[in-house]
>>> print(open('final.cif').read())   # mmCIF, C-alpha atoms
data_coords
loop_
_atom_site.label_atom_id
_atom_site.label_comp_id
_atom_site.auth_asym_id
_atom_site.auth_seq_id
_atom_site.Cartn_x
_atom_site.Cartn_y
_atom_site.Cartn_z
CA MET Y 1 229.25 150.47 188.34
CA ALA Y 2 226.72 153.15 187.42
CA ARG Y 3 224.19 153.80 190.17
CA THR Y 4 221.03 155.77 189.51
CA SER Y 5 218.10 156.35 191.84
CA PHE Y 6 214.54 156.87 190.63
CA SER Y 7 211.53 157.11 192.92
CA GLY Y 8 213.03 154.81 195.52
CA ALA Y 9 214.34 152.36 192.91
CA VAL Y 10 218.06 151.89 192.58
CA PHE Y 11 219.47 151.24 189.11
CA LEU Y 12 222.72 149.36 189.35
CA SER Y 13 223.78 149.61 185.71
CA ASP Y 14 221.39 147.18 184.01
CA LYS Y 15 219.52 146.27 187.20
CA ILE Y 16 216.70 147.65 189.37
CA GLU Y 17 216.30 146.74 193.03
CA MET Y 18 213.21 147.85 194.94
CA THR Y 19 211.76 147.14 198.36
CA LEU Y 20 208.01 147.68 198.32
CA ARG Y 21 205.53 148.54 201.03
CA ASN Y 22 202.32 146.53 201.34
CA ASP Y 23 200.36 149.37 199.72
CA ILE Y 24 198.60 149.49 196.35
CA SER Y 25 200.26 152.84 195.59
CA GLU Y 26 203.53 150.93 195.19
CA VAL Y 27 202.27 149.60 191.85
CA GLY Y 28 202.51 153.08 190.35
CA ARG Y 29 206.04 153.50 191.69
CA VAL Y 30 207.09 150.19 190.10
CA LEU Y 31 205.47 151.04 186.76
CA ASP Y 32 207.23 154.43 186.70
CA ALA Y 33 210.57 152.81 187.51
CA ILE Y 34 210.13 150.16 184.80
CA GLU Y 35 209.16 152.84 182.29
CA ALA Y 36 212.30 154.87 183.09
CA PHE Y 37 214.50 151.77 183.11
CA GLY Y 38 213.08 150.60 179.77
CA GLU Y 39 213.56 153.98 178.13
CA ALA Y 40 217.11 154.27 179.52
CA HIS Y 41 217.96 150.90 177.97
CA GLY Y 42 216.19 151.38 174.64
CA LEU Y 43 213.48 148.80 175.24
CA SER Y 44 210.52 148.90 172.88
CA PRO Y 45 207.25 150.35 174.17
CA LYS Y 46 205.69 146.89 173.69
CA ALA Y 47 208.35 145.23 175.88
CA ILE Y 48 207.86 147.86 178.60
CA PHE Y 49 204.08 147.41 178.38
CA ARG Y 50 204.32 143.61 178.68
CA LEU Y 51 206.59 143.79 181.71
CA ASN Y 52 204.50 146.49 183.37
CA LEU Y 53 201.27 144.56 182.78
CA ALA Y 54 202.69 141.43 184.42
CA LEU Y 55 204.19 143.32 187.38
CA ASP Y 56 201.01 145.37 187.88
CA GLU Y 57 198.95 142.19 188.12
CA LEU Y 58 201.36 140.33 190.39
CA ILE Y 59 202.04 143.18 192.82
CA THR Y 60 198.35 144.09 193.00
CA ASN Y 61 197.56 140.47 193.90
CA ILE Y 62 200.31 140.35 196.54
CA VAL Y 63 199.14 143.57 198.18
CA SER Y 64 195.45 142.60 197.93
CA TYR Y 65 195.59 138.96 199.06
CA ALA Y 66 198.98 137.77 200.36
CA PHE Y 67 199.10 139.42 203.77
CA GLU Y 68 195.61 138.87 205.14
CA GLY Y 69 195.96 138.35 208.86
CA HIS Y 70 199.54 139.52 209.36
CA SER Y 71 201.25 142.88 209.17
CA ASP Y 72 204.89 141.82 208.82
CA SER Y 73 205.02 142.21 205.06
CA HIS Y 74 208.13 142.02 202.93
CA ILE Y 75 208.09 142.53 199.14
CA GLU Y 76 211.15 142.88 196.92
CA LEU Y 77 211.52 143.30 193.19
CA THR Y 78 214.69 142.89 191.15
CA VAL Y 79 214.74 143.48 187.40
CA GLU Y 80 217.86 142.89 185.35
CA LEU Y 81 218.61 143.25 181.65
CA LYS Y 82 221.29 140.93 180.31
CA ASP Y 83 221.97 139.92 176.70
CA GLY Y 84 218.51 140.92 175.47
CA VAL Y 85 216.67 139.11 178.27
CA ILE Y 86 214.86 140.68 181.21
CA ASP Y 87 215.10 138.62 184.37
CA ALA Y 88 212.71 139.72 187.09
CA LEU Y 89 212.44 138.29 190.60
CA LEU Y 90 209.48 139.08 192.83
CA VAL Y 91 209.82 137.91 196.45
CA ASP Y 92 207.23 138.20 199.22
CA ASN Y 93 206.58 136.61 202.59
CA GLY Y 94 202.81 136.44 202.12
CA LYS Y 95 200.79 133.28 202.12
CA PRO Y 96 201.94 130.67 199.59
CA PHE Y 97 200.69 131.17 196.04
CA ASN Y 98 202.10 129.56 192.92
CA PRO Y 99 200.97 131.48 189.81
CA VAL Y 100 202.68 128.91 187.59
CA GLU Y 101 200.30 126.15 188.70
CA ALA Y 102 197.23 128.26 189.54
CA GLU Y 103 194.06 127.14 187.83
CA LEU Y 104 193.06 129.38 184.94
CA PRO Y 105 189.46 130.26 184.05
CA GLU Y 106 187.72 128.64 181.11
CA LEU Y 107 187.34 131.50 178.65
CA GLY Y 108 184.65 129.73 176.63
CA GLU Y 109 182.15 129.90 179.48
CA GLY Y 110 179.56 132.66 179.71
CA LEU Y 111 180.13 135.46 182.20
CA GLU Y 112 177.55 134.04 184.61
CA GLU Y 113 179.21 130.58 184.67
CA ARG Y 114 182.83 131.75 184.80
CA ARG Y 115 184.50 131.68 188.21
CA ILE Y 116 185.94 134.95 189.48
CA GLY Y 117 189.69 135.40 189.23
CA GLY Y 118 192.51 133.96 187.19
CA LEU Y 119 192.44 136.27 184.19
CA GLY Y 120 195.35 138.34 185.48
CA ILE Y 121 197.50 135.25 186.00
CA LYS Y 122 196.64 134.18 182.44
CA LEU Y 123 197.91 137.59 181.24
CA VAL Y 124 201.14 137.15 183.21
CA ARG Y 125 201.69 133.71 181.69
CA THR Y 126 200.98 135.10 178.22
CA HIS Y 127 203.32 138.10 178.47
CA MET Y 128 206.31 136.39 180.09
CA ASP Y 129 208.43 133.89 178.20
CA ARG Y 130 209.25 131.89 181.32
CA LEU Y 131 207.96 131.68 184.89
CA ASP Y 132 209.50 129.68 187.74
CA TYR Y 133 208.09 129.58 191.27
CA CYS Y 134 209.34 128.19 194.55
CA ARG Y 135 208.46 128.65 198.20
CA GLU Y 136 211.64 128.95 200.21
CA GLY Y 137 212.17 129.93 203.85
CA GLY Y 138 208.64 131.34 204.17
CA PHE Y 139 208.96 133.40 200.96
CA ASN Y 140 207.26 133.15 197.59
CA ARG Y 141 209.91 133.53 194.87
CA LEU Y 142 208.67 134.11 191.35
CA LYS Y 143 211.30 134.33 188.62
CA MET Y 144 210.21 135.72 185.27
CA GLN Y 145 211.98 136.03 181.96
CA MET Y 146 211.14 137.99 178.87
CA ASN Y 147 213.21 138.08 175.70
CA VAL Y 148 213.14 141.75 174.69
CA ASN Y 149 214.35 140.94 171.17
CA THR Y 150 211.05 139.12 170.50
CA ALA Y 151 208.85 141.38 172.64
CA GLY Y 152 208.26 143.82 169.83
#
>>> encode(input="final.cif", output="structure tokens")
Amino acid sequence: MARTSFSGAVFLSDKIEMTLRNDISEVGRVLDAIEAFGEAHGLSPKAIFRLNLALDELITNIVSYAFEGHSDSHIELTVELKDGVIDALLVDNGKPFNPVEAELPELGEGLEERRIGGLGIKLVRTHMDRLDYCREGGFNRLKMQMNVNTAG
């Protein structure tokens, strides 16, 4: 099995495994790793962009909101490419949050009437082909899928 390391990410053939600190700077490390992984596997720039946009939003939200009030943070990301499909799993032990069922903002409202938040989750839902969430053993587990053959 080929094993490559990039900026703290371990590539196990067609897979990335990363443990992240509860720090916003980790977003850049993830985006760099996804960029390198995508290029190494011949993914289109559009597919890399879509995945990076979703992960940027999700990890930023975890770091910004999930660990208020406790310092024992745990965040893991696994990204795997198999048969033209990217499977990503984002796991954290922050407070429960289900982005699959989160209320989205009404885009037809004026800026003054629109509630704050939700646009990033709408982007995630738009750019991923499938999202599945569960809360298990004190951990949020978000599984994402993106078909790279239709991602552009």
>>> resolve_selection(input="final.cif", expression="the PyMOL selection byres ((chain Y and resi 76) around 7)", output="ChimeraX atom specification")
/Y:18-20,74-75,77-78,90-92
>>> residues_near_point(input="final.cif", point="(201.9, 143.9, 193.6)", cutoff="10 Å", atoms="all atoms listed in the file", output="NGL selection string")
:Y and (20-28 or 30 or 54-66 or 75-77 or 90 or 92)
>>> atom_distance(input="final.cif", atom1="atom CA of Arg29 of chain Y", atom2="atom CA of Leu142 of chain Y")
19.6 Å
>>> atom_distance(input="final.cif", atom1="atom CA of His70 of chain Y", atom2="atom CA of Phe97 of chain Y")
15.8 Å
>>> closest_residue(input="final.cif", among="Y:Glu103, Y:Ala88, Y:Leu43, Y:Lys82", to="Ser13 of chain Y", atoms="all atoms listed in the file")
Y:Lys82
>>> atom_distance(input="final.cif", atom1="atom CA of Asp87 of chain Y", atom2="atom CA of Gly137 of chain Y")
21.5 Å
>>> resolve_selection(input="final.cif", expression="the PyMOL selection byres ((chain Y and resi 130) around 9)", output="mmCIF file with C-alpha atoms, in the frame of the given file")
data_model
loop_
_atom_site.group_PDB
_atom_site.id
_atom_site.type_symbol
_atom_site.label_atom_id
_atom_site.label_comp_id
_atom_site.auth_asym_id
_atom_site.auth_seq_id
_atom_site.Cartn_x
_atom_site.Cartn_y
_atom_site.Cartn_z
ATOM 1 C CA ARG Y 125 201.690 133.710 181.690
ATOM 2 C CA MET Y 128 206.310 136.390 180.090
ATOM 3 C CA ASP Y 129 208.430 133.890 178.200
ATOM 4 C CA LEU Y 131 207.960 131.680 184.890
ATOM 5 C CA ASP Y 132 209.500 129.680 187.740
ATOM 6 C CA LYS Y 143 211.300 134.330 188.620
ATOM 7 C CA MET Y 144 210.210 135.720 185.270
ATOM 8 C CA GLN Y 145 211.980 136.030 181.960
ATOM 9 C CA MET Y 146 211.140 137.990 178.870
#
>>> closest_residue(input="final.cif", among="Y:Lys95, Y:Leu31, Y:Leu53, Y:Ala47", to="Leu123 of chain Y", atoms="only C-alpha atoms")
Y:Leu53
>>> axis_aligned_box(input="final.cif", around="segment 83-93 of chain Y", padding_each_side="6 Å", output="AutoDock Vina command-line options")
--center_x 214.3 --center_y 138.8 --center_z 189.0 --size_x 27.4 --size_y 16.3 --size_z 39.1
>>> closest_residue(input="final.cif", among="Y:Cys134, Y:Ile16, Y:Leu51, Y:Val148", to="Val79 of chain Y", atoms="all atoms listed in the file")
Y:Ile16
>>> resolve_selection(input="final.cif", expression="the PyMOL selection byres ((chain Y and resi 48) around 10)", output="list in words")
Leu31, Ile34, Glu35, Ala36, Phe37, Gly38, Glu39, Gly42, Leu43, Ser44, Pro45, Lys46, Ala47, Phe49, Arg50, Leu51, Asn52, Leu53, Val148, Ala151 and Gly152 of chain Y
>>> closest_residue(input="final.cif", among="Y:Gly84, Y:Pro99, Y:Gly94, Y:Gly69", to="Asn147 of chain Y", atoms="only C-alpha atoms")
Y:Gly84
>>> closest_residue(input="final.cif", among="Y:Lys122, Y:Asn93, Y:His41, Y:Asp32", to="Arg141 of chain Y", atoms="only C-alpha atoms")
Y:Asn93
>>> build_atoms(input="final.cif", residues="segment 59-92 of chain Y", atoms="N, CA and C atoms", output="compact mmCIF listing (two decimals), in the frame of the given file")
# COMPACT_ATOMS: atom_id res chain seq x y z
N ILE Y 59 201.90 142.37 191.60
CA ILE Y 59 202.04 143.18 192.82
C ILE Y 59 200.68 143.53 193.39
N THR Y 60 199.71 143.82 192.53
CA THR Y 60 198.35 144.09 193.00
C THR Y 60 197.81 142.88 193.76
N ASN Y 61 198.03 141.67 193.22
CA ASN Y 61 197.56 140.47 193.90
C ASN Y 61 198.27 140.26 195.24
N ILE Y 62 199.57 140.51 195.28
CA ILE Y 62 200.31 140.35 196.54
C ILE Y 62 199.76 141.30 197.59
N VAL Y 63 199.63 142.57 197.23
CA VAL Y 63 199.14 143.57 198.18
C VAL Y 63 197.69 143.28 198.59
N SER Y 64 196.87 142.83 197.65
CA SER Y 64 195.45 142.60 197.93
C SER Y 64 195.17 141.32 198.70
N TYR Y 65 195.96 140.27 198.52
CA TYR Y 65 195.59 138.96 199.06
C TYR Y 65 196.66 138.26 199.90
N ALA Y 66 197.92 138.59 199.75
CA ALA Y 66 198.98 137.77 200.36
C ALA Y 66 199.14 137.96 201.85
N PHE Y 67 198.77 139.11 202.38
CA PHE Y 67 199.10 139.42 203.77
C PHE Y 67 197.89 139.48 204.69
N GLU Y 68 196.79 138.88 204.29
CA GLU Y 68 195.61 138.87 205.14
C GLU Y 68 195.96 138.22 206.47
N GLY Y 69 195.74 138.93 207.54
CA GLY Y 69 195.96 138.35 208.86
C GLY Y 69 197.34 138.59 209.46
N HIS Y 70 198.28 139.16 208.72
CA HIS Y 70 199.54 139.52 209.36
C HIS Y 70 200.11 140.79 208.74
N SER Y 71 200.79 141.56 209.59
CA SER Y 71 201.25 142.88 209.17
C SER Y 71 202.73 142.93 208.84
N ASP Y 72 203.44 141.84 209.07
CA ASP Y 72 204.89 141.82 208.82
C ASP Y 72 205.15 141.49 207.35
N SER Y 73 204.89 142.47 206.49
CA SER Y 73 205.02 142.21 205.06
C SER Y 73 206.40 142.58 204.54
N HIS Y 74 206.84 141.78 203.58
CA HIS Y 74 208.13 142.02 202.93
C HIS Y 74 207.96 141.71 201.44
N ILE Y 75 208.20 142.70 200.59
CA ILE Y 75 208.09 142.53 199.14
C ILE Y 75 209.33 143.14 198.50
N GLU Y 76 209.98 142.38 197.65
CA GLU Y 76 211.15 142.88 196.92
C GLU Y 76 211.01 142.56 195.45
N LEU Y 77 211.50 143.48 194.63
CA LEU Y 77 211.52 143.30 193.19
C LEU Y 77 212.92 143.59 192.67
N THR Y 78 213.43 142.69 191.85
CA THR Y 78 214.69 142.89 191.15
C THR Y 78 214.43 142.67 189.67
N VAL Y 79 214.88 143.60 188.86
CA VAL Y 79 214.74 143.48 187.40
C VAL Y 79 216.12 143.72 186.81
N GLU Y 80 216.53 142.80 185.95
CA GLU Y 80 217.86 142.89 185.35
C GLU Y 80 217.77 142.63 183.86
N LEU Y 81 218.53 143.41 183.09
CA LEU Y 81 218.61 143.25 181.65
C LEU Y 81 220.00 142.72 181.31
N LYS Y 82 220.02 141.54 180.68
CA LYS Y 82 221.29 140.93 180.31
C LYS Y 82 221.12 140.22 178.97
N ASP Y 83 221.94 140.60 178.00
CA ASP Y 83 221.97 139.92 176.70
C ASP Y 83 220.59 139.81 176.06
N GLY Y 84 219.82 140.89 176.12
CA GLY Y 84 218.51 140.92 175.47
C GLY Y 84 217.41 140.19 176.22
N VAL Y 85 217.66 139.82 177.46
CA VAL Y 85 216.67 139.11 178.27
C VAL Y 85 216.46 139.87 179.57
N ILE Y 86 215.19 140.10 179.91
CA ILE Y 86 214.86 140.68 181.21
C ILE Y 86 214.60 139.54 182.16
N ASP Y 87 215.33 139.55 183.27
CA ASP Y 87 215.10 138.62 184.37
C ASP Y 87 214.50 139.44 185.50
N ALA Y 88 213.35 139.03 185.98
CA ALA Y 88 212.71 139.72 187.09
C ALA Y 88 212.47 138.70 188.21
N LEU Y 89 212.68 139.14 189.43
CA LEU Y 89 212.44 138.29 190.60
C LEU Y 89 211.55 139.07 191.55
N LEU Y 90 210.42 138.48 191.89
CA LEU Y 90 209.48 139.08 192.83
C LEU Y 90 209.42 138.15 194.04
N VAL Y 91 209.74 138.70 195.22
CA VAL Y 91 209.82 137.91 196.45
C VAL Y 91 208.89 138.54 197.47
N ASP Y 92 208.08 137.70 198.14
CA ASP Y 92 207.23 138.20 199.22
C ASP Y 92 207.07 137.13 200.27
